[in-house]
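File shown: my_file32.pdb (PDB, C-alpha atoms).
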ATOM      1  CA  MET A   1      34.547 -72.973  13.698
ATOM      2  CA  VAL A   2      37.968 -71.763  14.870
ATOM      3  CA  LEU A   3      40.248 -70.362  12.155
ATOM      4  CA  ARG A   4      43.870 -71.312  11.995
ATOM      5  CA  SER A   5      46.218 -68.386  12.516
ATOM      6  CA  SER A   6      47.365 -68.470   8.887
ATOM      7  CA  SER A   7      43.765 -68.462   7.577
ATOM      8  CA  ALA A   8      42.790 -65.649   9.902
ATOM      9  CA  ALA A   9      45.765 -63.612   8.755
ATOM     10  CA  CYS A  10      44.819 -64.134   5.109
ATOM     11  CA  ILE A  11      41.236 -63.051   5.714
ATOM     12  CA  ALA A  12      42.337 -59.996   7.702
ATOM     13  CA  ALA A  13      44.678 -59.023   4.893
ATOM     14  CA  ALA A  14      41.911 -59.390   2.342
ATOM     15  CA  VAL A  15      39.528 -57.245   4.371
ATOM     16  CA  THR A  16      42.195 -54.574   4.809
ATOM     17  CA  THR A  17      42.890 -54.560   1.079
ATOM     18  CA  ALA A  18      39.188 -54.218   0.300
ATOM     19  CA  LEU A  19      38.814 -51.293   2.695
ATOM     20  CA  LEU A  20      41.846 -49.543   1.281
ATOM     21  CA  SER A  21      40.475 -49.966  -2.228
ATOM     22  CA  LEU A  22      37.476 -47.771  -1.425
ATOM     23  CA  SER A  23      37.852 -44.400  -3.086
ATOM     24  CA  PRO A  24      38.695 -41.498  -0.738
ATOM     25  CA  ALA A  25      35.816 -39.559  -2.292
ATOM     26  CA  CYS A  26      33.325 -42.162  -1.077
ATOM     27  CA  ALA A  27      34.696 -41.988   2.460
ATOM     28  CA  ALA A  28      34.678 -38.194   2.427
ATOM     29  CA  ASP A  29      31.137 -38.093   1.086
ATOM     30  CA  ALA A  30      29.691 -40.215   3.888
ATOM     31  CA  PRO A  31      27.543 -37.702   5.833
ATOM     32  CA  LEU A  32      27.950 -37.267   9.568
ATOM     33  CA  LEU A  33      24.781 -37.662  11.615
ATOM     34  CA  TRP A  34      23.586 -34.955  14.002
ATOM     35  CA  ARG A  35      20.252 -35.019  15.842
ATOM     36  CA  HIS A  36      18.860 -31.619  16.789
ATOM     37  CA  ALA A  37      15.525 -30.396  18.131
ATOM     38  CA  VAL A  38      13.785 -27.041  17.913
ATOM     39  CA  LEU A  39      10.705 -25.832  19.713
ATOM     40  CA  GLU A  40       7.367 -26.542  18.079
ATOM     41  CA  ALA A  41       7.086 -24.603  14.804
ATOM     42  CA  LYS A  42       5.474 -21.175  15.013
ATOM     43  CA  SER A  43       5.406 -18.110  12.798
ATOM     44  CA  ASP A  44       9.199 -17.851  12.855
ATOM     45  CA  ALA A  45       9.645 -21.428  11.623
ATOM     46  CA  GLY A  46      11.253 -20.339   8.352
ATOM     47  CA  ILE A  47      14.252 -18.995  10.254
ATOM     48  CA  PHE A  48      14.706 -22.178  12.278
ATOM     49  CA  PHE A  49      14.073 -24.621   9.438
ATOM     50  CA  MET A  50      16.131 -22.901   6.742
ATOM     51  CA  VAL A  51      19.042 -25.154   7.705
ATOM     52  CA  THR A  52      17.091 -28.073   6.189
ATOM     53  CA  ARG A  53      17.218 -26.455   2.734
ATOM     54  CA  GLY A  54      20.586 -27.839   1.726
ATOM     55  CA  PHE A  55      22.780 -26.063   4.286
ATOM     56  CA  ALA A  56      23.415 -29.187   6.361
ATOM     57  CA  GLU A  57      24.230 -31.224   3.259
ATOM     58  CA  LYS A  58      26.776 -28.624   2.135
ATOM     59  CA  GLN A  59      28.630 -29.307   5.369
ATOM     60  CA  GLY A  60      28.597 -33.061   4.794
ATOM     61  CA  LEU A  61      26.001 -33.471   7.512
ATOM     62  CA  LYS A  62      22.932 -35.646   7.793
ATOM     63  CA  LEU A  63      20.714 -33.540  10.036
ATOM     64  CA  GLU A  64      17.759 -35.108  11.813
ATOM     65  CA  LEU A  65      15.647 -32.147  12.892
ATOM     66  CA  SER A  66      12.743 -32.741  15.247
ATOM     67  CA  GLN A  67      10.321 -30.574  17.186
ATOM     68  CA  VAL A  68       9.590 -30.554  20.916
ATOM     69  CA  LYS A  69       6.621 -28.950  22.594
ATOM     70  CA  THR A  70       8.563 -27.318  25.436
ATOM     71  CA  ASP A  71      12.128 -26.440  26.364
ATOM     72  CA  SER A  72      12.170 -28.926  29.247
ATOM     73  CA  ILE A  73      11.271 -31.819  26.940
ATOM     74  CA  GLY A  74      14.204 -30.974  24.680
ATOM     75  CA  LEU A  75      16.570 -30.805  27.647
ATOM     76  CA  LYS A  76      15.453 -34.175  29.008
ATOM     77  CA  ALA A  77      15.725 -35.824  25.585
ATOM     78  CA  MET A  78      19.237 -34.446  25.112
ATOM     79  CA  ILE A  79      20.431 -35.587  28.538
ATOM     80  CA  ALA A  80      18.930 -39.013  27.846
ATOM     81  CA  GLY A  81      20.984 -39.263  24.648
ATOM     82  CA  GLU A  82      18.006 -39.110  22.293
ATOM     83  CA  LEU A  83      19.315 -35.821  20.852
ATOM     84  CA  ASP A  84      22.773 -34.426  20.189
ATOM     85  CA  SER A  85      21.650 -30.821  20.676
ATOM     86  CA  TYR A  86      18.585 -28.645  20.990
ATOM     87  CA  ASP A  87      17.420 -25.025  20.940
ATOM     88  CA  GLY A  88      16.726 -23.917  24.482
ATOM     89  CA  ILE A  89      16.936 -21.091  26.969
ATOM     90  CA  ILE A  90      19.544 -20.433  29.610
ATOM     91  CA  GLY A  91      17.251 -21.563  32.378
ATOM     92  CA  GLY A  92      16.605 -25.222  32.877
ATOM     93  CA  THR A  93      19.963 -26.034  31.316
ATOM     94  CA  VAL A  94      21.823 -23.989  33.925
ATOM     95  CA  MET A  95      19.929 -25.634  36.750
ATOM     96  CA  ALA A  96      20.762 -29.023  35.274
ATOM     97  CA  ALA A  97      24.448 -28.112  34.859
ATOM     98  CA  ALA A  98      24.642 -26.757  38.408
ATOM     99  CA  ARG A  99      23.451 -30.157  39.620
ATOM    100  CA  GLY A 100      26.096 -31.983  37.606
ATOM    101  CA  ALA A 101      24.207 -32.765  34.401
ATOM    102  CA  ASP A 102      26.177 -33.308  31.194
ATOM    103  CA  VAL A 103      25.208 -30.119  29.307
ATOM    104  CA  ARG A 104      27.243 -27.585  27.332
ATOM    105  CA  LEU A 105      26.434 -24.189  25.806
ATOM    106  CA  LEU A 106      27.653 -23.843  22.200
ATOM    107  CA  GLY A 107      26.375 -20.442  21.096
ATOM    108  CA  CYS A 108      23.314 -18.206  21.077
ATOM    109  CA  HIS A 109      21.332 -17.336  17.965
ATOM    110  CA  TRP A 110      18.092 -15.671  19.097
ATOM    111  CA  GLN A 111      19.478 -13.023  21.435
ATOM    112  CA  GLY A 112      16.414 -10.791  21.502
ATOM    113  CA  LEU A 113      13.111 -11.414  23.224
ATOM    114  CA  PRO A 114      10.092 -11.506  20.896
ATOM    115  CA  HIS A 115       7.715 -12.485  23.691
ATOM    116  CA  GLY A 116       5.488 -10.353  25.842
ATOM    117  CA  ILE A 117       2.632 -10.379  28.319
ATOM    118  CA  PHE A 118      -0.778 -10.650  26.672
ATOM    119  CA  THR A 119      -4.069  -9.904  28.396
ATOM    120  CA  LYS A 120      -7.645  -8.966  27.620
ATOM    121  CA  THR A 121      -7.963  -5.534  26.015
ATOM    122  CA  GLY A 122      -9.572  -4.096  29.167
ATOM    123  CA  VAL A 123      -6.421  -4.564  31.264
ATOM    124  CA  THR A 124      -4.401  -1.342  31.374
ATOM    125  CA  SER A 125      -1.505  -2.140  33.729
ATOM    126  CA  ILE A 126       0.549  -4.974  35.151
ATOM    127  CA  GLN A 127      -0.714  -4.087  38.627
ATOM    128  CA  GLU A 128      -4.205  -5.186  37.608
ATOM    129  CA  LEU A 129      -2.954  -8.751  37.328
ATOM    130  CA  LYS A 130      -2.492  -9.096  41.085
ATOM    131  CA  GLY A 131      -4.577 -12.007  42.298
ATOM    132  CA  LYS A 132      -5.216 -13.196  38.732
ATOM    133  CA  THR A 133      -4.391 -16.437  36.900
ATOM    134  CA  PHE A 134      -1.242 -16.398  34.768
ATOM    135  CA  ALA A 135      -0.466 -19.137  32.226
ATOM    136  CA  ILE A 136       3.188 -20.212  31.951
ATOM    137  CA  SER A 137       4.909 -23.396  30.827
ATOM    138  CA  SER A 138       7.262 -25.367  33.069
ATOM    139  CA  PRO A 139       9.191 -23.729  35.948
ATOM    140  CA  SER A 140      12.377 -21.921  34.815
ATOM    141  CA  ALA A 141      11.298 -22.068  31.144
ATOM    142  CA  LEU A 142      10.986 -18.830  29.178
ATOM    143  CA  PRO A 143       7.323 -17.939  29.986
ATOM    144  CA  ASP A 144       7.891 -18.566  33.693
ATOM    145  CA  LEU A 145      11.028 -16.422  33.878
ATOM    146  CA  VAL A 146       9.614 -13.575  31.780
ATOM    147  CA  ALA A 147       6.396 -13.486  33.784
ATOM    148  CA  LYS A 148       8.081 -13.403  37.191
ATOM    149  CA  GLN A 149      10.709 -10.855  36.171
ATOM    150  CA  ALA A 150       8.112  -8.524  34.673
ATOM    151  CA  LEU A 151       5.856  -8.824  37.720
ATOM    152  CA  ALA A 152       8.749  -8.192  40.098
ATOM    153  CA  LYS A 153       9.724  -5.070  38.164
ATOM    154  CA  PHE A 154       6.310  -3.646  38.973
ATOM    155  CA  GLY A 155       6.378  -4.722  42.609
ATOM    156  CA  ILE A 156       4.114  -7.747  42.344
ATOM    157  CA  SER A 157       5.135 -10.868  44.240
ATOM    158  CA  ALA A 158       4.850 -14.251  42.567
ATOM    159  CA  ASN A 159       2.831 -15.295  45.618
ATOM    160  CA  ASP A 160       0.103 -12.856  44.546
ATOM    161  CA  ILE A 161      -0.379 -14.666  41.247
ATOM    162  CA  LYS A 162      -1.873 -18.068  40.479
ATOM    163  CA  PHE A 163       0.422 -19.704  37.930
ATOM    164  CA  VAL A 164      -0.790 -22.572  35.770
ATOM    165  CA  ASN A 165       1.292 -24.717  33.419
ATOM    166  CA  LEU A 166      -0.333 -24.824  29.993
ATOM    167  CA  GLY A 167       2.481 -25.936  27.698
ATOM    168  CA  SER A 168       3.078 -24.307  24.324
ATOM    169  CA  ASP A 169       2.487 -20.732  23.134
ATOM    170  CA  LEU A 170      -0.589 -21.840  21.218
ATOM    171  CA  ASP A 171      -2.037 -23.656  24.239
ATOM    172  CA  ARG A 172      -1.558 -20.611  26.440
ATOM    173  CA  TYR A 173      -2.890 -18.185  23.850
ATOM    174  CA  LYS A 174      -6.036 -20.277  23.361
ATOM    175  CA  ALA A 175      -6.561 -20.420  27.127
ATOM    176  CA  LEU A 176      -6.339 -16.631  27.319
ATOM    177  CA  ALA A 177      -8.719 -16.150  24.395
ATOM    178  CA  ALA A 178     -11.205 -18.558  26.019
ATOM    179  CA  GLY A 179     -11.051 -16.700  29.330
ATOM    180  CA  VAL A 180      -9.532 -19.649  31.190
ATOM    181  CA  VAL A 181      -6.617 -17.476  32.331
ATOM    182  CA  ASP A 182      -6.166 -13.718  32.741
ATOM    183  CA  ALA A 183      -2.673 -13.311  31.289
ATOM    184  CA  THR A 184       0.113 -15.227  29.634
ATOM    185  CA  VAL A 185       3.503 -14.879  27.980
ATOM    186  CA  VAL A 186       3.561 -15.757  24.284
ATOM    187  CA  SER A 187       5.418 -14.724  21.166
ATOM    188  CA  SER A 188       4.663 -11.302  19.693
ATOM    189  CA  GLU A 189       3.618 -13.116  16.519
ATOM    190  CA  TYR A 190       0.094 -12.943  17.970
ATOM    191  CA  VAL A 191       0.037  -9.133  17.905
ATOM    192  CA  PRO A 192      -1.531  -8.887  14.400
ATOM    193  CA  ILE A 193      -4.482 -11.128  15.349
ATOM    194  CA  ALA A 194      -4.918 -10.402  19.065
ATOM    195  CA  ALA A 195      -7.349  -7.487  18.690
ATOM    196  CA  THR A 196      -9.805  -9.626  16.712
ATOM    197  CA  GLN A 197     -10.119 -11.881  19.773
ATOM    198  CA  GLY A 198     -10.336  -9.177  22.396
ATOM    199  CA  LEU A 199      -6.691  -9.523  23.405
ATOM    200  CA  LYS A 200      -3.628  -7.295  23.335
ATOM    201  CA  LEU A 201       0.080  -7.151  24.047
ATOM    202  CA  LEU A 202       0.184  -5.423  27.424
ATOM    203  CA  LEU A 203       3.955  -5.342  27.833
ATOM    204  CA  PRO A 204       6.751  -6.304  25.390
ATOM    205  CA  GLY A 205       9.256  -8.472  27.196
ATOM    206  CA  ARG A 206      12.294  -6.644  25.823
ATOM    207  CA  GLU A 207      11.191  -3.409  27.514
ATOM    208  CA  VAL A 208      11.694  -4.901  30.954
ATOM    209  CA  LEU A 209      14.301  -7.557  30.162
ATOM    210  CA  PRO A 210      16.785  -6.066  27.676
ATOM    211  CA  ASN A 211      19.423  -8.675  28.566
ATOM    212  CA  TYR A 212      17.101 -11.613  28.097
ATOM    213  CA  MET A 213      18.169 -14.035  25.375
ATOM    214  CA  ARG A 214      15.530 -16.224  23.866
ATOM    215  CA  LEU A 215      17.424 -19.244  22.549
ATOM    216  CA  CYS A 216      20.852 -20.838  22.476
ATOM    217  CA  TYR A 217      22.290 -24.111  21.218
ATOM    218  CA  PHE A 218      23.042 -26.751  23.827
ATOM    219  CA  SER A 219      24.758 -30.121  23.584
ATOM    220  CA  THR A 220      26.413 -32.646  25.901
ATOM    221  CA  VAL A 221      29.974 -33.672  26.644
ATOM    222  CA  ARG A 222      29.020 -37.163  25.514
ATOM    223  CA  ALA A 223      27.865 -36.016  22.066
ATOM    224  CA  LEU A 224      30.751 -33.600  21.592
ATOM    225  CA  SER A 225      33.317 -36.208  22.569
ATOM    226  CA  ALA A 226      31.889 -38.771  20.167
ATOM    227  CA  ARG A 227      31.073 -36.476  17.225
ATOM    228  CA  ARG A 228      32.817 -33.140  17.627
ATOM    229  CA  ASP A 229      33.368 -32.744  13.882
ATOM    230  CA  ALA A 230      29.651 -33.240  13.288
ATOM    231  CA  ALA A 231      28.924 -30.597  15.951
ATOM    232  CA  VAL A 232      31.225 -28.119  14.194
ATOM    233  CA  ARG A 233      29.560 -28.791  10.860
ATOM    234  CA  PHE A 234      26.129 -28.433  12.435
ATOM    235  CA  MET A 235      26.994 -25.021  13.856
ATOM    236  CA  ALA A 236      28.499 -23.951  10.531
ATOM    237  CA  ALA A 237      25.347 -25.045   8.711
ATOM    238  CA  GLU A 238      23.209 -23.047  11.138
ATOM    239  CA  MET A 239      25.376 -19.946  10.695
ATOM    240  CA  ALA A 240      25.050 -20.099   6.916
ATOM    241  CA  ALA A 241      21.328 -20.850   7.072
ATOM    242  CA  LEU A 242      20.584 -17.968   9.437
ATOM    243  CA  ARG A 243      22.500 -15.521   7.248
ATOM    244  CA  TYR A 244      20.491 -16.662   4.251
ATOM    245  CA  ALA A 245      17.134 -16.619   6.053
ATOM    246  CA  LEU A 246      17.553 -13.077   7.369
ATOM    247  CA  SER A 247      18.457 -11.733   3.939
ATOM    248  CA  HIS A 248      15.739 -13.541   1.957
ATOM    249  CA  ARG A 249      12.441 -12.280   3.342
ATOM    250  CA  GLU A 250       9.952 -13.785   0.922
ATOM    251  CA  GLU A 251      11.645 -17.165   0.788
ATOM    252  CA  THR A 252      11.807 -17.385   4.576
ATOM    253  CA  ILE A 253       8.165 -16.364   4.998
ATOM    254  CA  ALA A 254       7.156 -18.924   2.358
ATOM    255  CA  LEU A 255       9.047 -21.621   4.253
ATOM    256  CA  THR A 256       7.259 -20.634   7.451
ATOM    257  CA  ARG A 257       3.898 -21.042   5.717
ATOM    258  CA  GLU A 258       4.994 -24.414   4.356
ATOM    259  CA  ILE A 259       6.147 -25.707   7.754
ATOM    260  CA  THR A 260       3.210 -24.408   9.787
ATOM    261  CA  GLY A 261       0.452 -24.640   7.191
ATOM    262  CA  ALA A 262      -0.332 -20.935   7.667
ATOM    263  CA  LYS A 263      -2.719 -19.490   5.095
ATOM    264  CA  ALA A 264      -1.679 -16.813   2.628
ATOM    265  CA  ASP A 265      -3.677 -14.137   4.472
ATOM    266  CA  ASP A 266      -2.216 -14.971   7.902
ATOM    267  CA  PRO A 267      -0.216 -11.844   8.880
ATOM    268  CA  ARG A 268       1.907 -13.527  11.534
ATOM    269  CA  PRO A 269       4.825 -14.939   9.480
ATOM    270  CA  ALA A 270       5.533 -11.558   7.869
ATOM    271  CA  TYR A 271       5.071  -9.699  11.150
ATOM    272  CA  ILE A 272       7.515 -11.821  13.134
ATOM    273  CA  PHE A 273      10.104 -11.822  10.330
ATOM    274  CA  ASP A 274      10.044  -8.033  10.018
ATOM    275  CA  ASP A 275      10.166  -7.583  13.786
ATOM    276  CA  THR A 276      13.115  -9.963  14.053
ATOM    277  CA  VAL A 277      15.116  -8.138  11.401
ATOM    278  CA  ALA A 278      14.195  -4.663  12.674
ATOM    279  CA  THR A 279      15.272  -5.456  16.238
ATOM    280  CA  HIS A 280      18.381  -7.443  15.228
ATOM    281  CA  ALA A 281      17.074 -10.248  17.404
ATOM    282  CA  VAL A 282      18.980 -13.036  15.638
ATOM    283  CA  ASP A 283      22.772 -13.248  15.531
ATOM    284  CA  PRO A 284      23.919 -15.568  12.713
ATOM    285  CA  ASP A 285      27.417 -15.700  14.230
ATOM    286  CA  LEU A 286      25.949 -17.501  17.268
ATOM    287  CA  SER A 287      28.003 -15.348  19.616
ATOM    288  CA  LEU A 288      28.267 -15.702  23.380
ATOM    289  CA  PRO A 289      27.837 -12.248  24.972
ATOM    290  CA  MET A 290      29.045 -13.181  28.448
ATOM    291  CA  GLU A 291      27.378 -10.267  30.225
ATOM    292  CA  LYS A 292      23.964 -11.418  29.014
ATOM    293  CA  VAL A 293      24.784 -15.090  29.416
ATOM    294  CA  GLN A 294      25.773 -14.636  33.052
ATOM    295  CA  TRP A 295      22.815 -12.326  33.719
ATOM    296  CA  MET A 296      20.473 -15.047  32.504
ATOM    297  CA  ALA A 297      21.996 -17.526  34.945
ATOM    298  CA  ASP A 298      21.950 -15.061  37.825
ATOM    299  CA  GLN A 299      18.179 -14.705  37.530
ATOM    300  CA  LEU A 300      17.828 -18.280  38.723
ATOM    301  CA  VAL A 301      19.401 -17.675  42.114
ATOM    302  CA  GLY A 302      17.031 -17.789  45.073
ATOM    303  CA  GLU A 303      13.420 -18.829  44.823
ATOM    304  CA  ASN A 304      13.842 -19.547  41.101
ATOM    305  CA  GLY A 305      15.961 -22.638  41.767
ATOM    306  CA  LEU A 306      19.688 -22.026  42.416
ATOM    307  CA  SER A 307      21.065 -21.690  45.937
ATOM    308  CA  ARG A 308      24.109 -19.732  44.753
ATOM    309  CA  PRO A 309      25.375 -18.084  41.534
ATOM    310  CA  TYR A 310      26.600 -20.397  38.786
ATOM    311  CA  ASP A 311      29.653 -19.435  36.734
ATOM    312  CA  MET A 312      28.550 -19.869  33.121
ATOM    313  CA  ARG A 313      32.132 -20.288  31.932
ATOM    314  CA  ALA A 314      31.956 -23.796  33.364
ATOM    315  CA  MET A 315      29.429 -24.948  30.768
ATOM    316  CA  ILE A 316      30.594 -23.072  27.662
ATOM    317  CA  GLU A 317      32.184 -25.051  24.835
ATOM    318  CA  ALA A 318      33.649 -22.173  22.775
ATOM    319  CA  ASP A 319      35.875 -24.282  20.541
ATOM    320  CA  VAL A 320      32.992 -25.718  18.502
ATOM    321  CA  ARG A 321      31.639 -22.268  17.610
ATOM    322  CA  GLN A 322      35.089 -20.893  16.782
ATOM    323  CA  ARG A 323      35.837 -23.775  14.430
ATOM    324  CA  ALA A 324      32.413 -23.448  12.805
ATOM    325  CA  LEU A 325      32.878 -19.712  12.266
ATOM    326  CA  ALA A 326      36.250 -20.321  10.639
ATOM    327  CA  LEU A 327      34.671 -22.951   8.419
ATOM    328  CA  VAL A 328      31.934 -20.583   7.240
ATOM    329  CA  GLN A 329      34.287 -17.644   6.739
ATOM    330  CA  GLY A 330      36.650 -19.866   4.781
ATOM    331  CA  HIS A 331      34.048 -20.499   2.075
TER     332      HIS A 331
END
Let me see the structure of the file written as structure tokens.
Amino acid sequence: MVLRSSSAACIAAAVTTALLSLSPACAADAPLLWRHAVLEAKSDAGIFFMVTRGFAEKQGLKLELSQVKTDSIGLKAMIAGELDSYDGIIGGTVMAAARGADVRLLGCHWQGLPHGIFTKTGVTSIQELKGKTFAISSPSALPDLVAKQALAKFGISANDIKFVNLGSDLDRYKALAAGVVDATVVSSEYVPIAATQGLKLLLPGREVLPNYMRLCYFSTVRALSARRDAAVRFMAAEMAALRYALSHREETIALTREITGAKADDPRPAYIFDDTVATHAVDPDLSLPMEKVQWMADQLVGENGLSRPYDMRAMIEADVRQRALALVQGH
């Protein structure tokens, strides 16, 4: 049925009146949606998941938080539009950006490196790994970059190592414990239990890679253009949640146990929390230390994937972080 112009005008006026009659409070209270992914929960889960304990809601945000097994999965999902942002490393994202992908760096929270090279207890030096099998995840992801940088520091070529892709930290750790591989890079959360399985931390990653940053927040131009206010609120919620998590030890450890199902006698949640605080590994202001940011990108030049240096300023979206910081400081 086609409406006469006068009827259509009356209906339009009625709809407009109805919309205007909605209370401003109702409109203001409608939460903004933001879809974010973190890496599969481990013994530091309480720090990552604290944002789900009311901090997103305080910013008027409906946060859909999911987990991904590897960094590369999160990147692909974000580029495909299935996520608005994700926690990742400055590795695969830089390679994607250098090839024209729609990715932006918002800020970096985990600026220390809690990972290290684990081996059997009988191994006494990195040099002994020459010719051995080394478990990593995908190329350019954190385990791959840490492994190759550490080996190069001790004069071992990547060609002298057999690298195998075994996914998550837990997958790689189990492979090492079972004797399937000779070494791997995993989180230092395994330090308190390694000796019971004949394993040890051979080399802390931060000793050879002091500029290495573990995780940053990434988004896309598409998401930021469509929902910039939601992005600002998300970053503000994360800032507030990280501040709270780092200053509430027992609550954060309890949340880790809840998320991961860790038993009360599992020493890993407490170990990784204390190590994180002691080393100031997490920055709740989500800063962007450009020297470290650019260093991370520069490590990808050459055989690691980039033909020439990539200027990280091209993919940084500083405005979102600055607005979020002002929002948090204003409360």
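Comparing the minimum interatomic distances between A:Glu251 and each of A:Asp160, A:Met290, A:Phe55, A:Met50, counting all atoms listed in the file, we find that A:Met50 sits nearest.
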Worksheet item: Could you write out as number ranges by chain the residues that the PyMOL selection byres ((chain A and resi 144) around 10) matches in the shown file?
Response: A: 91, 134-143, 145-149, 163-165, 184-185, 304
Practice prompt. List every protein, DNA or RNA residue with an atom no more than 7 Å from (18.3, -22.9, 36.6) in the file's coordinates, counting all atoms listed in the file, and format the result as a VMD selection string.
Written response: chain A and resid 91 to 96 140 297 300 305 to 306
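In this structure, atom CA of A:Met78 sits 11.5 Å away from atom CA of A:Tyr217.
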Worksheet, complete the sentence: Correct to one decimal, the distance atom CA of A:Arg35-atom CA of A:Ala324 is 17.1 Å
Worksheet item: Which residues match the PyMOL selection byres ((chain A and resi 210) around 10) in the file above, as a list in words?
Response: Gln111, Gly112, Leu113, Gly205, Arg206, Glu207, Val208, Leu209, Asn211, Tyr212, Met213 and Lys292 of chain A
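One finds atom CA of A:Ser187 at 12.4 Å from atom CA of A:Leu39.
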Worksheet item: Using all atoms listed in the file, which residue out of A:Arg308, A:His36, A:Lys200, A:His115 lies closest to A:Val51?
Response: A:His36
Result set of the PyMOL selection byres ((chain A and resi 75) around 8) on the coordinates above, as a CSV table (one decimal) with C-alpha atoms, keeping the file's coordinate frame:
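Wrote expr-v7.csv, looks like this:
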chain,number,residue,atom,x,y,z
A,71,ASP,CA,12.1,-26.4,26.4
A,72,SER,CA,12.2,-28.9,29.2
A,73,ILE,CA,11.3,-31.8,26.9
A,74,GLY,CA,14.2,-31.0,24.7
A,76,LYS,CA,15.5,-34.2,29.0
A,77,ALA,CA,15.7,-35.8,25.6
A,78,MET,CA,19.2,-34.4,25.1
A,79,ILE,CA,20.4,-35.6,28.5
A,86,TYR,CA,18.6,-28.6,21.0
A,88,GLY,CA,16.7,-23.9,24.5
A,92,GLY,CA,16.6,-25.2,32.9
A,93,THR,CA,20.0,-26.0,31.3
Find the residues around A:Phe49 up to 10 Å (only C-alpha atoms counted), leave out those fewer than 2 positions away in its own chain, and share them as an mmCIF file with C-alpha atoms, in the coordinates of the input.
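The new file result28.cif reads:
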data_model
loop_
_atom_site.group_PDB
_atom_site.id
_atom_site.type_symbol
_atom_site.label_atom_id
_atom_site.label_comp_id
_atom_site.auth_asym_id
_atom_site.auth_seq_id
_atom_site.Cartn_x
_atom_site.Cartn_y
_atom_site.Cartn_z
ATOM 1 C CA VAL A 38 13.785 -27.041 17.913
ATOM 2 C CA ALA A 41 7.086 -24.603 14.804
ATOM 3 C CA ASP A 44 9.199 -17.851 12.855
ATOM 4 C CA ALA A 45 9.645 -21.428 11.623
ATOM 5 C CA GLY A 46 11.253 -20.339 8.352
ATOM 6 C CA ILE A 47 14.252 -18.995 10.254
ATOM 7 C CA VAL A 51 19.042 -25.154 7.705
ATOM 8 C CA THR A 52 17.091 -28.073 6.189
ATOM 9 C CA ARG A 53 17.218 -26.455 2.734
ATOM 10 C CA LEU A 65 15.647 -32.147 12.892
ATOM 11 C CA GLU A 238 23.209 -23.047 11.138
ATOM 12 C CA ALA A 241 21.328 -20.850 7.072
ATOM 13 C CA LEU A 242 20.584 -17.968 9.437
ATOM 14 C CA ALA A 245 17.134 -16.619 6.053
ATOM 15 C CA THR A 252 11.807 -17.385 4.576
ATOM 16 C CA LEU A 255 9.047 -21.621 4.253
ATOM 17 C CA THR A 256 7.259 -20.634 7.451
ATOM 18 C CA ILE A 259 6.147 -25.707 7.754
#
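Of the listed residues (A:Val232, A:Leu170, A:Leu176, A:Ala314), A:Val232 comes nearest to A:Val328; the distances count all atoms listed in the file.
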Hey, can I get the axis-aligned box for stretch 93-108 of chain A? All listed atoms, 6 Å padding on each side, centre and edge lengths in Å to one decimal, as JSON.
{"center_x": 23.8, "center_y": -25.8, "center_z": 30.3, "size_x": 19.7, "size_y": 27.1, "size_z": 30.5}
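Shortest separation to A:Ala152 among A:Val277, A:Ala264, A:Val301, A:Ile126 occurs at residue A:Ile126, atoms counted being all atoms listed in the file.
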Fill in: A:Trp34, A:Tyr173, A:Trp110, A:Tyr310 ranked by distance to A:Ser287, top pick (using all atoms listed in the file)
A:Trp110
Discussion item. For a quick check of understanding, using only C-alpha atoms, which of A:Leu201, A:Ala226, A:Lys120, A:Gly155 has the smallest distance to A:Ala177?
Written reply: A:Lys120
Practice prompt. Using all atoms listed in the file, collect all residues at a distance of at most 7 Å from (7.2, -14.4, 9.0) as written in the file, then present them as a ChimeraX atom specification.
Written response: /A:43-44,253,256,268-273
Item to complete: Excluding A:Ile316 and residues on its chain fewer than 4 positions from it, collect all residues at most 7 Å away from it, counting all atoms listed in the file, and give them as number ranges by chain.
Response: A: 104-106, 312
At the level of C-alpha atoms, write stretch 116-141 of chain A to a file as an mmCIF file, in the first residue's frame, please.
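To be explicit, this is the file written out as part-v4.cif:
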data_model
loop_
_atom_site.group_PDB
_atom_site.id
_atom_site.type_symbol
_atom_site.label_atom_id
_atom_site.label_comp_id
_atom_site.auth_asym_id
_atom_site.auth_seq_id
_atom_site.Cartn_x
_atom_site.Cartn_y
_atom_site.Cartn_z
ATOM 1 C CA GLY A 116 61.411 -17.642 28.821
ATOM 2 C CA ILE A 117 63.089 -20.653 27.268
ATOM 3 C CA PHE A 118 62.317 -23.899 29.080
ATOM 4 C CA THR A 119 64.256 -27.125 28.641
ATOM 5 C CA LYS A 120 64.984 -30.380 30.415
ATOM 6 C CA THR A 121 66.938 -29.905 33.641
ATOM 7 C CA GLY A 122 70.060 -31.478 32.101
ATOM 8 C CA VAL A 123 70.505 -28.663 29.566
ATOM 9 C CA THR A 124 72.991 -26.089 30.854
ATOM 10 C CA SER A 125 73.338 -23.608 27.973
ATOM 11 C CA ILE A 126 71.581 -22.255 24.915
ATOM 12 C CA GLN A 127 74.395 -23.621 22.751
ATOM 13 C CA GLU A 128 73.304 -27.156 23.613
ATOM 14 C CA LEU A 129 70.082 -26.582 21.705
ATOM 15 C CA LYS A 130 71.851 -26.517 18.340
ATOM 16 C CA GLY A 131 70.369 -29.209 16.141
ATOM 17 C CA LYS A 132 67.465 -29.754 18.552
ATOM 18 C CA THR A 133 63.687 -29.402 18.172
ATOM 19 C CA PHE A 134 62.181 -26.131 19.395
ATOM 20 C CA ALA A 135 58.423 -25.672 19.879
ATOM 21 C CA ILE A 136 56.986 -22.277 18.884
ATOM 22 C CA SER A 137 53.553 -21.098 17.793
ATOM 23 C CA SER A 138 52.932 -19.361 14.469
ATOM 24 C CA PRO A 139 55.678 -17.411 12.639
ATOM 25 C CA SER A 140 56.180 -13.856 13.985
ATOM 26 C CA ALA A 141 54.122 -14.624 17.122
#
